[in-house]
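Text of query_6.txt (compact mmCIF, C-alpha atoms) as supplied:
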```txt
# COMPACT_ATOMS: atom_id res chain seq x y z
CA MET C 46 -3.89 40.99 5.61
CA LYS C 47 -3.77 40.43 1.84
CA VAL C 48 -0.30 41.97 1.75
CA LEU C 49 0.89 39.74 4.60
CA ILE C 50 -0.45 36.61 2.87
CA LEU C 51 1.32 37.63 -0.34
CA ALA C 52 4.55 38.19 1.59
CA LEU C 53 4.20 34.75 3.20
CA LEU C 54 3.76 33.11 -0.20
CA ASP C 55 6.78 35.04 -1.44
CA VAL C 56 9.13 33.81 1.32
CA LEU C 57 7.81 30.28 0.78
CA LEU C 58 8.85 30.60 -2.86
CA LEU C 59 12.19 32.06 -1.71
CA ALA C 60 12.80 29.15 0.68
CA ILE C 61 11.96 26.56 -1.99
CA GLY C 62 14.24 28.33 -4.44
CA HIS C 63 17.13 28.21 -1.98
CA ALA C 64 16.42 24.58 -1.05
CA TYR C 65 16.66 23.45 -4.67
CA SER C 66 19.24 26.07 -5.78
CA SER C 67 16.80 27.21 -8.45
CA GLN C 68 17.72 30.59 -9.90
CA VAL C 69 14.33 30.75 -11.63
CA LEU C 70 12.45 30.43 -8.32
CA LEU C 71 14.88 32.73 -6.51
CA TRP C 72 14.54 35.49 -9.08
CA GLY C 73 10.80 34.95 -9.10
CA ALA C 74 10.68 35.46 -5.33
CA LEU C 75 12.91 38.54 -5.54
CA ILE C 76 10.75 40.06 -8.27
CA VAL C 77 7.60 39.40 -6.22
CA PHE C 78 9.31 41.03 -3.21
CA SER C 79 10.22 44.10 -5.24
CA VAL C 80 6.73 44.44 -6.75
CA VAL C 81 5.02 44.03 -3.35
CA ILE C 82 7.21 46.70 -1.76
CA ILE C 83 7.01 49.16 -4.66
CA VAL C 84 3.34 48.76 -5.64
CA SER C 85 1.60 48.33 -2.26
CA HIS C 86 0.43 51.34 -0.28
CA LYS C 87 3.41 53.03 1.33
CA GLY C 88 1.75 52.78 4.72
CA ASN C 89 2.73 49.12 4.42
CA PHE C 90 6.38 49.88 3.61
CA LEU C 91 7.71 49.80 7.19
CA PRO C 92 5.64 46.73 8.23
CA LEU C 93 6.79 44.88 5.11
CA MET C 94 10.44 45.80 5.61
CA LEU C 95 10.17 44.57 9.21
CA PHE C 96 8.64 41.33 7.93
CA TYR C 97 11.50 40.79 5.47
CA LEU C 98 14.22 41.99 7.88
CA PRO C 99 15.07 38.49 9.28
CA TRP C 100 14.98 37.18 5.69
CA SER C 101 17.32 39.86 4.31
CA PRO C 102 20.53 37.71 4.39
CA VAL C 103 18.91 35.28 1.92
CA LEU C 104 16.93 37.88 -0.01
CA LYS C 105 19.46 37.69 -2.84
CA PRO C 106 20.30 35.31 -5.71
CA THR C 107 23.84 34.47 -4.55
CA PRO C 108 25.64 34.61 -1.18
CA ASN C 109 27.91 37.47 -2.27
CA SER C 110 25.32 39.66 -3.98
CA LEU C 111 23.62 42.69 -2.44
CA THR C 112 20.42 41.96 -0.53
CA PHE C 113 17.26 43.22 -2.23
CA ALA C 114 16.16 44.62 1.14
CA THR C 115 18.74 47.35 0.49
CA VAL C 116 18.27 47.69 -3.26
CA VAL C 117 14.53 48.37 -3.03
CA VAL C 118 14.78 51.41 -0.71
CA PRO C 119 16.17 53.89 -3.30
CA VAL C 120 13.51 52.71 -5.75
CA VAL C 121 10.72 53.43 -3.25
CA PHE C 122 12.37 56.77 -2.43
CA LEU C 123 12.40 57.82 -6.08
CA GLY C 124 8.84 56.53 -6.50
CA ILE C 125 7.55 58.75 -3.69
CA ILE C 126 9.32 61.74 -5.24
CA ALA C 127 7.94 60.91 -8.70
CA GLN C 128 4.37 60.68 -7.36
CA GLY C 129 4.67 64.18 -5.99
CA PHE C 130 4.35 65.33 -2.43
CA ASN C 131 1.05 65.53 -0.62
CA LYS C 132 -0.02 69.15 -0.99
CA GLU C 133 -1.62 69.09 2.44
CA GLN C 134 1.76 68.47 4.09
CA LYS C 135 4.07 71.34 4.86
CA TYR C 136 7.71 70.45 4.48
CA LYS C 137 10.36 71.88 6.73
CA MET C 138 13.75 72.89 5.44
CA ALA C 139 15.25 70.69 8.15
CA HIS C 140 14.03 67.65 6.22
CA ILE C 141 16.45 68.57 3.45
CA VAL C 142 19.01 70.82 5.10
CA LEU C 143 20.05 68.43 7.88
CA PRO C 144 20.72 65.42 5.61
CA LEU C 145 22.41 67.69 3.07
CA PHE C 146 24.63 69.18 5.76
CA PHE C 147 25.49 65.70 7.02
CA THR C 148 26.41 64.57 3.50
CA VAL C 149 28.79 67.49 3.01
CA TYR C 150 30.20 67.02 6.50
CA THR C 151 30.92 63.30 6.11
CA ILE C 152 32.39 63.67 2.62
CA PHE C 153 34.76 66.32 4.00
CA VAL C 154 35.75 63.95 6.82
CA LYS C 155 36.28 61.13 4.33
CA LEU C 156 38.56 63.32 2.23
CA TRP C 157 40.41 64.37 5.39
CA ASN C 158 40.99 60.72 6.32
CA GLU C 159 41.51 59.58 2.70
CA LEU C 160 38.70 57.04 2.98
CA PRO C 161 36.41 55.85 0.15
CA ILE C 162 32.73 56.41 -0.57
CA ASP C 163 31.22 52.92 -0.47
CA MET C 164 27.78 51.31 -0.71
CA PRO C 165 27.01 51.21 3.06
CA TYR C 166 27.70 54.95 3.20
CA LEU C 167 25.45 55.69 0.22
CA PHE C 168 22.64 53.62 1.76
CA PHE C 169 23.03 55.53 5.04
CA ILE C 170 22.75 58.87 3.24
CA ILE C 171 19.71 57.72 1.26
CA MET C 172 17.98 56.69 4.48
CA LEU C 173 18.64 60.13 6.00
CA PHE C 174 16.73 61.73 3.13
CA PHE C 175 14.14 58.96 2.79
CA ILE C 176 12.92 58.49 6.39
CA PRO C 177 11.80 62.13 6.98
CA LEU C 178 10.05 62.18 3.60
CA TYR C 179 8.35 58.84 4.24
CA VAL C 180 7.25 59.81 7.75
CA ARG C 181 5.98 63.21 6.60
CA GLU C 182 3.93 61.72 3.76
CA TYR C 183 2.52 58.61 5.45
CA LYS C 184 2.68 59.21 9.20
CA ALA C 185 -1.08 58.79 9.61
CA ASP C 186 -1.02 55.45 7.79
CA ILE C 187 1.78 53.68 9.66
CA SER C 188 0.30 51.36 12.29
CA PHE C 189 2.39 50.11 15.21
CA GLU C 190 0.13 47.09 15.60
CA ARG C 191 0.64 46.19 11.94
CA CYS C 192 4.40 46.60 12.37
CA ALA C 193 4.37 44.29 15.41
CA LEU C 194 2.36 41.66 13.52
CA PHE C 195 4.53 41.73 10.40
CA LEU C 196 7.79 41.65 12.38
CA THR C 197 6.60 38.70 14.49
CA VAL C 198 5.40 36.66 11.51
CA GLY C 199 8.57 37.46 9.57
CA ILE C 200 10.82 36.32 12.41
CA LEU C 201 8.86 33.14 13.14
CA THR C 202 8.80 32.08 9.48
CA ALA C 203 12.50 32.87 9.08
CA CYS C 204 13.36 30.86 12.21
CA VAL C 205 11.46 27.81 10.97
CA ALA C 206 12.87 28.11 7.44
CA ALA C 207 16.44 28.46 8.74
CA GLN C 208 16.01 25.32 10.87
CA ILE C 209 15.01 23.40 7.75
CA LEU C 210 17.40 24.94 5.23
CA MET C 211 20.50 24.53 7.40
CA ASN C 212 20.31 20.80 6.59
CA TYR C 213 21.14 21.61 2.96
CA PRO C 214 24.97 21.78 2.55
CA HIS C 215 24.88 24.57 -0.05
CA MET C 216 22.93 26.79 2.38
CA LEU C 217 25.89 26.93 4.78
CA GLN C 218 27.08 29.86 2.66
CA TYR C 219 24.08 31.75 4.03
CA ILE C 220 23.48 30.13 7.44
CA VAL C 221 26.27 30.09 10.01
CA ILE C 222 26.04 27.20 12.49
CA ASP C 223 28.08 27.96 15.60
CA ASN C 224 29.11 25.01 17.76
CA THR C 225 32.57 26.27 18.64
CA GLU C 226 33.34 25.88 22.34
CA ARG C 227 29.72 24.88 22.95
CA ASN C 228 30.38 21.24 23.92
CA GLY C 229 28.95 20.09 20.59
CA VAL C 230 25.62 21.89 21.07
CA THR C 231 24.58 23.96 18.05
CA ARG C 232 24.09 27.67 18.60
CA LEU C 233 21.57 28.89 16.05
CA SER C 234 21.33 32.35 14.53
CA GLY C 235 18.56 32.12 11.92
CA PHE C 236 19.80 33.43 8.59
CA TYR C 237 22.28 35.73 10.38
CA GLY C 238 25.94 34.95 10.96
CA ASP C 239 25.75 36.33 14.48
CA ALA C 240 23.42 34.89 17.11
CA ASN C 241 23.28 38.26 18.86
CA TYR C 242 21.80 40.08 15.86
CA TYR C 243 19.30 37.26 15.45
CA SER C 244 18.26 37.31 19.10
CA ALA C 245 18.11 41.12 19.14
CA GLN C 246 15.38 40.98 16.49
CA ILE C 247 13.49 38.44 18.59
CA LEU C 248 13.69 40.73 21.63
CA VAL C 249 12.13 43.61 19.71
CA ALA C 250 9.32 41.36 18.46
CA ILE C 251 8.61 40.14 22.02
CA ALA C 252 8.54 43.71 23.35
CA ALA C 253 6.26 44.84 20.52
CA LEU C 254 3.83 42.01 21.28
CA LEU C 255 3.85 42.86 24.99
CA THR C 256 3.10 46.48 24.10
CA VAL C 257 0.16 45.54 21.87
CA MET C 258 -1.11 42.91 24.33
CA GLY C 259 -1.51 45.58 26.97
CA LYS C 260 -4.16 47.28 24.81
CA THR C 261 -5.78 44.14 23.35
CA LYS C 262 -9.31 43.35 24.55
CA SER C 263 -9.98 40.12 22.65
CA LYS C 264 -9.05 37.01 24.67
CA THR C 265 -8.46 35.09 21.44
CA LEU C 266 -5.95 37.65 20.21
CA VAL C 267 -4.26 37.72 23.62
CA ALA C 268 -3.91 33.93 23.49
CA LEU C 269 -2.35 34.17 20.02
CA GLN C 270 0.03 36.88 21.22
CA ILE C 271 1.09 34.77 24.22
CA ALA C 272 1.64 31.75 21.97
CA SER C 273 3.77 33.90 19.65
CA ILE C 274 5.84 35.22 22.56
CA VAL C 275 6.46 31.69 23.86
CA THR C 276 7.56 30.55 20.39
CA LEU C 277 9.85 33.56 20.02
CA LEU C 278 11.36 32.78 23.43
CA TYR C 279 12.05 29.23 22.30
CA PHE C 280 13.93 30.35 19.19
CA GLY C 281 15.72 33.09 21.14
CA MET C 282 16.97 30.55 23.69
CA LEU C 283 18.48 28.50 20.84
CA SER C 284 20.93 31.36 20.24
CA VAL C 285 22.51 30.76 23.70
CA SER C 286 23.25 34.50 23.76
CA LYS C 287 24.15 36.10 27.07
CA MET C 288 22.98 39.43 25.67
CA PHE C 289 19.58 37.88 24.90
CA MET C 290 19.23 36.43 28.40
CA LEU C 291 20.26 39.63 30.20
CA SER C 292 17.94 41.73 28.03
CA LEU C 293 15.11 39.22 28.46
CA VAL C 294 15.45 39.28 32.25
CA SER C 295 15.28 43.08 32.13
CA LEU C 296 12.10 42.93 30.02
CA VAL C 297 10.47 40.40 32.35
CA VAL C 298 11.27 42.45 35.47
CA ILE C 299 9.83 45.64 33.95
CA TRP C 300 6.80 43.75 32.65
CA LEU C 301 6.09 42.21 36.08
CA ILE C 302 6.35 45.60 37.77
CA ASN C 303 4.01 47.05 35.16
CA LEU C 304 1.58 44.15 35.61
CA LEU C 305 1.39 44.80 39.35
CA LEU C 306 0.84 48.54 38.81
CA GLU C 307 -1.74 48.23 36.04
CA LYS C 308 -5.39 48.90 36.78
CA ARG C 309 -6.49 45.27 36.64
CA SER C 310 -8.30 43.06 39.11
CA ILE C 311 -6.19 40.97 41.46
CA SER C 312 -7.67 37.78 39.99
CA ASN C 313 -6.64 38.92 36.49
CA LYS C 314 -3.08 39.62 37.61
CA LEU C 315 -2.83 36.30 39.42
CA GLY C 316 -4.19 34.53 36.35
CA VAL C 317 -1.48 36.04 34.13
CA ILE C 318 1.27 35.13 36.60
CA VAL C 319 -0.05 31.56 36.95
CA ALA C 320 -0.23 31.21 33.15
CA VAL C 321 3.38 32.36 32.76
CA ALA C 322 4.56 30.10 35.58
CA SER C 323 2.72 27.16 34.01
CA VAL C 324 4.44 27.68 30.65
CA VAL C 325 7.83 27.86 32.36
CA GLY C 326 7.01 24.72 34.34
CA ILE C 327 6.03 22.81 31.18
CA VAL C 328 9.29 23.80 29.48
CA VAL C 329 11.39 22.73 32.46
CA ALA C 330 9.46 19.51 33.11
CA ASN C 331 9.76 18.35 29.51
CA ASN C 332 13.43 19.34 29.14
CA LEU C 333 12.54 21.28 25.98
CA LEU C 334 15.55 23.55 26.35
CA ALA C 335 17.72 21.43 28.63
CA ASP C 336 20.88 21.73 26.49
CA GLU C 337 20.54 25.48 26.05
CA ILE C 338 19.76 26.06 29.75
CA SER C 339 22.81 24.03 30.76
CA LEU C 340 24.92 26.07 28.36
CA TYR C 341 23.64 29.28 29.87
CA PHE C 342 24.70 28.01 33.30
CA ILE C 343 28.12 27.16 31.89
CA ARG C 344 28.52 30.53 30.14
CA PHE C 345 27.43 32.60 33.13
CA GLY C 346 29.35 30.31 35.49
CA MET C 347 32.55 31.33 33.71
CA VAL C 348 31.94 35.03 34.43
CA SER C 349 34.57 36.44 36.77
CA ASP C 350 34.91 40.05 35.60
CA THR C 351 33.60 42.56 33.06
CA SER C 352 35.69 41.09 30.25
CA SER C 353 34.36 37.56 30.72
CA LEU C 354 30.79 38.83 31.14
CA THR C 355 30.99 40.72 27.83
CA THR C 356 33.02 37.95 26.11
CA GLY C 357 35.96 40.29 25.63
CA ARG C 358 33.89 43.21 24.37
CA SER C 359 34.93 45.49 27.24
CA ASP C 360 38.55 45.09 26.12
CA LEU C 361 37.57 46.21 22.61
CA TRP C 362 35.65 49.17 24.05
CA GLN C 363 38.77 50.25 25.91
CA VAL C 364 40.83 50.05 22.71
CA TYR C 365 38.40 52.32 20.87
CA ILE C 366 38.02 54.76 23.77
CA ASN C 367 41.79 55.07 24.16
CA TYR C 368 42.15 55.60 20.41
CA LEU C 369 39.51 58.34 20.35
CA LEU C 370 41.00 60.12 23.36
CA ALA C 371 44.45 60.00 21.77
CA ASN C 372 43.16 61.26 18.39
CA THR C 373 41.01 64.30 19.03
CA ASP C 374 40.26 64.80 15.31
CA LYS C 375 38.56 61.40 15.27
CA LEU C 376 36.77 62.17 18.55
CA PHE C 377 35.23 65.40 17.23
CA LEU C 378 34.89 64.58 13.51
CA GLY C 379 34.78 60.77 13.33
CA ILE C 380 35.84 58.93 10.18
CA GLY C 381 32.83 59.82 8.05
CA VAL C 382 30.76 56.60 8.12
CA SER C 383 33.57 54.56 6.59
CA PRO C 384 34.95 51.01 6.75
CA ASP C 385 36.48 50.24 10.12
CA GLN C 386 39.90 51.88 10.32
CA VAL C 387 40.86 50.99 13.90
CA ARG C 388 40.57 47.28 13.15
CA ILE C 389 43.27 47.67 10.51
CA LEU C 390 45.50 50.05 12.41
CA LEU C 391 45.35 48.33 15.79
CA HIS C 392 44.79 44.75 14.61
CA THR C 393 41.58 44.47 16.64
CA ASN C 394 37.92 43.64 16.06
CA ASN C 395 34.91 45.91 15.62
CA ALA C 396 33.79 47.83 18.69
CA HIS C 397 30.74 45.62 19.36
CA ASN C 398 29.10 48.65 20.94
CA SER C 399 26.85 50.92 18.89
CA LEU C 400 27.34 54.00 21.08
CA ILE C 401 31.12 53.83 20.72
CA GLU C 402 30.72 52.99 17.02
CA ILE C 403 28.52 56.05 16.44
CA VAL C 404 31.03 58.38 18.10
CA TYR C 405 33.89 56.74 16.20
CA GLN C 406 32.10 56.97 12.85
CA LEU C 407 30.43 60.38 13.22
CA GLY C 408 32.41 62.21 15.88
CA LEU C 409 30.79 64.34 18.56
CA MET C 410 29.67 66.85 15.93
CA GLY C 411 28.00 64.11 13.91
CA VAL C 412 26.32 62.75 17.04
CA LEU C 413 24.71 66.16 17.62
CA PHE C 414 23.45 66.12 14.04
CA LEU C 415 22.05 62.63 14.34
CA TRP C 416 20.30 63.52 17.59
CA SER C 417 18.70 66.57 15.92
CA TRP C 418 17.65 64.43 12.95
CA TRP C 419 15.93 61.79 15.10
CA LYS C 420 14.42 64.50 17.30
CA GLY C 421 12.80 66.03 14.21
CA ILE C 422 11.29 62.68 13.24
CA TYR C 423 10.04 62.14 16.80
CA ARG C 424 8.31 65.53 16.79
CA GLU C 425 6.77 64.69 13.43
CA LEU C 426 5.18 61.52 14.82
CA VAL C 427 4.48 62.21 18.52
CA ASP C 428 2.64 65.09 20.15
CA ARG C 429 3.53 66.25 23.64
CA THR C 430 1.85 63.73 25.94
CA ASN C 431 0.97 63.07 29.58
CA MET C 432 1.26 59.29 29.87
CA ASP C 433 0.71 57.49 33.15
CA LEU C 434 3.37 55.33 34.82
CA SER C 435 2.04 52.10 33.32
CA LYS C 436 2.37 53.39 29.77
CA TRP C 437 5.85 54.71 30.47
CA LEU C 438 6.85 51.27 31.73
CA SER C 439 5.43 49.73 28.55
CA PHE C 440 7.49 52.18 26.52
CA LEU C 441 10.52 51.31 28.65
CA ILE C 442 10.08 47.65 27.67
CA MET C 443 10.32 48.64 23.98
CA ALA C 444 13.27 50.94 24.67
CA VAL C 445 15.18 48.21 26.50
CA ALA C 446 14.52 45.71 23.71
CA VAL C 447 15.72 48.12 21.03
CA LEU C 448 18.61 49.86 22.78
CA LEU C 449 20.10 47.41 25.31
CA PRO C 450 21.51 45.10 22.59
CA TRP C 451 23.38 48.14 21.27
CA PHE C 452 25.90 47.58 24.07
CA ALA C 453 26.89 44.28 22.43
CA LEU C 454 26.33 45.05 18.73
CA ASP C 455 27.30 47.52 16.02
CA VAL C 456 23.99 48.43 14.34
CA LEU C 457 24.92 51.69 12.61
CA PHE C 458 25.38 50.05 9.20
CA PHE C 459 22.35 47.78 9.52
CA HIS C 460 18.69 48.32 8.63
CA GLU C 461 17.80 47.88 12.31
CA PHE C 462 19.34 51.26 13.13
CA PHE C 463 16.61 53.03 11.17
CA TYR C 464 13.68 50.63 11.30
CA PHE C 465 13.87 49.73 15.00
CA ILE C 466 14.30 53.30 16.23
CA LEU C 467 11.38 54.33 14.03
CA LEU C 468 9.38 51.44 15.53
CA LEU C 469 10.30 52.66 19.03
CA ILE C 470 8.97 56.14 18.22
CA LEU C 471 5.79 54.60 16.82
CA ALA C 472 5.42 52.65 20.07
CA LYS C 473 5.46 55.94 21.98
CA ARG C 474 2.76 57.33 19.70
CA TYR C 475 0.72 54.12 20.05
CA LEU C 476 0.90 54.14 23.85
CA ALA C 477 0.18 57.88 24.04
CA GLU C 478 -2.89 57.63 21.84
CA GLY C 479 -5.65 59.73 23.36
CA THR C 480 -3.35 61.49 25.87
CA SER C 481 -2.08 64.30 23.63
CA VAL C 482 -1.93 67.75 25.20
CA ASN C 483 -1.60 69.34 21.76
CA HIS C 484 -4.92 69.74 19.97
CA GLY C 485 -3.52 69.19 16.51
CA LEU C 486 -3.33 66.09 14.37
CA ASP C 487 -4.76 62.88 15.75
CA HIS C 488 -1.90 60.72 14.52
CA HIS C 489 -3.85 57.48 14.56
CA GLN C 490 -6.61 58.58 12.25
CA THR C 491 -6.26 57.66 8.60
CA SER C 492 -5.64 60.19 5.89
CA GLY C 493 -8.33 58.83 3.60
CA ARG C 494 -5.95 56.59 1.67
CA LYS C 495 -6.94 52.94 1.86
CA ILE C 496 -4.28 50.43 2.96
CA ALA C 497 -4.70 46.98 1.46
```

Serialized structure, structure tokens:
Amino acid sequence: MKVLILALLDVLLLAIGHAYSSQVLLWGALIVFSVVIIVSHKGNFLPLMLFYLPWSPVLKPTPNSLTFATVVVPVVFLGIIAQGFNKEQKYKMAHIVLPLFFTVYTIFVKLWNELPIDMPYLFFIIMLFFIPLYVREYKADISFERCALFLTVGILTACVAAQILMNYPHMLQYIVIDNTERNGVTRLSGFYGDANYYSAQILVAIAALLTVMGKTKSKTLVALQIASIVTLLYFGMLSVSKMFMLSLVSLVVIWLINLLLEKRSISNKLGVIVAVASVVGIVVANNLLADEISLYFIRFGMVSDTSSLTTGRSDLWQVYINYLLANTDKLFLGIGVSPDQVRILLHTNNAHNSLIEIVYQLGLMGVLFLWSWWKGIYRELVDRTNMDLSKWLSFLIMAVAVLLPWFALDVLFFHEFFYFILLLILAKRYLAEGTSVNHGLDHHQTSGRKIA
């Protein structure tokens, strides 16, 4: 908790620095961020990065500079290497060979397509080497519950800070306020320029809290978790995102099915349903989200086909699919994790679909590599398990929250691609705790290294 309190004080300093355009305070906050990430126990690295994730667009001294959320990763990577590997861990060649193969492969594709090596590409490559090393060294110290807590607190503080800071004119370089074609009603997106990215983070936080709540015994903690979920729902609704609403409905349906199937008393189940219905009733009765709800009715009322439902995304998907089918070299080899080429050639927008984007960037060969890479990380963290239906449904809630927004967003070049998938794998380990059919490492036990 000490680390979380320090992080909270740091973002408070960051917010004040931005409010008063003070470079001294901003650099002070950025230095504190860097020190906290680098010096604290590396079991806290993923929780801390999830905490700072919604703050990353303002985690920099100027609007056009590189976010420190990206800069700090190579430093931590080199620090782990400099400290030396844990002698008790056995490293597999796949941890080095697969990323090295991918690097050679993508550089060859870049040369083939005459495309540059840029910063997003270098960060992607660093993460391919860093994540397996980090997981191998600290897998016993990474707590899903801690990740859920840090992500939730980070999002809630960022939402509140963005609401306040958007009233400062100079902050409009960081905060995009969308009221275009919204009948004058503001569509908020936190510190992000896209309400869908903002609401996608909120969905993951809600799903993580629901996952933890299912295993929480303390009524006080459950009450706090419910209050956090309600607050997250409020901020998510302010985005007026169709993707958020469709994903949220999916989460609620799965959660209700799971609630009915769980081994709880009927009175307990009825109590939960009544509590949820009461919260919804209070919101409706007090018109707390009247403008946003009316906008949702307007937006969904305009849906007449796939194109209108996806706000034109399906048309973009067709452009990319046709391009890949007509250019088999791009279909099999991709463009090497490079700046968007189709947008320039075909005068169109980004794909707004991560699955299409991954095939376009990596090719089918690269997709096979990426699948093998994630599969290796999954096997590192999760033993073969026999989970019951209720736990599988809980995992499905996390999977829907992480993956469903991919059909509306391009996440390949964003931190979410690595951190959220890693969080999803940790959710599987958390839910499967005590059900392992392999009698090896108990992943949830500590390795003797204290986490502050």

For a quick check of understanding, using all atoms listed in the file, which of C:Tyr179, C:Tyr97, C:Tyr219, C:Phe122 has the smallest distance to Ile422 (chain C)?
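Closest candidate: C:Tyr179.
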
Which neighbours of Lys260 (chain C) fall inside 10 Å, counting all atoms listed in the file, when residues of the same chain fewer than 6 positions from it are skipped, and could you give them as a list in words?
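Neighbouring residues, sequence-local ones excluded: Val267, Tyr475 and Leu476 of chain C.
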
Please write out, as AutoDock Vina command-line options, where the centre of an axis-aligned box around all listed atoms of region 367-381 of chain C lies and how long its edges are, in Å to one decimal, after adding 8 Å on each side.
```
--center_x 38.6 --center_y 60.2 --center_z 16.1 --size_x 27.6 --size_y 26.3 --size_z 32.1
```

Residues within 12 Å of region 108-116 of chain C, please, as a PyMOL selection string. Count all atoms listed in the file; anything in the same chain fewer than 3 positions from it doesn't count.
chain C and resi 63+66+71-72+74-80+82-83+90-91+93-105+119-122+164-165+167-169+171-172+215-220+236+458-461

Applying 10 Å and only C-alpha atoms, which residues near region 375-378 of chain C remain after dropping the ones on its own chain fewer than 4 positions away? List them as a PyMOL selection string.
chain C and resi 150-151+153-155+157-158+366+368-371+404-412

Based on the selection just made, write C-alpha atoms of those residues as a short mmCIF file (atom, residue, chain, number, x, y, z; two decimals), in the frame of the given file.
```cif
data_model
loop_
_atom_site.label_atom_id
_atom_site.label_comp_id
_atom_site.auth_asym_id
_atom_site.auth_seq_id
_atom_site.Cartn_x
_atom_site.Cartn_y
_atom_site.Cartn_z
CA TYR C 150 30.20 67.02 6.50
CA THR C 151 30.92 63.30 6.11
CA PHE C 153 34.76 66.32 4.00
CA VAL C 154 35.75 63.95 6.82
CA LYS C 155 36.28 61.13 4.33
CA TRP C 157 40.41 64.37 5.39
CA ASN C 158 40.99 60.72 6.32
CA ILE C 366 38.02 54.76 23.77
CA TYR C 368 42.15 55.60 20.41
CA LEU C 369 39.51 58.34 20.35
CA LEU C 370 41.00 60.12 23.36
CA ALA C 371 44.45 60.00 21.77
CA VAL C 404 31.03 58.38 18.10
CA TYR C 405 33.89 56.74 16.20
CA GLN C 406 32.10 56.97 12.85
CA LEU C 407 30.43 60.38 13.22
CA GLY C 408 32.41 62.21 15.88
CA LEU C 409 30.79 64.34 18.56
CA MET C 410 29.67 66.85 15.93
CA GLY C 411 28.00 64.11 13.91
CA VAL C 412 26.32 62.75 17.04
#
```

Would you work out the distance separating CA of Ile343 (chain C) from CA of Pro450 (chain C), expressed in Å to one decimal?
21.3 Å
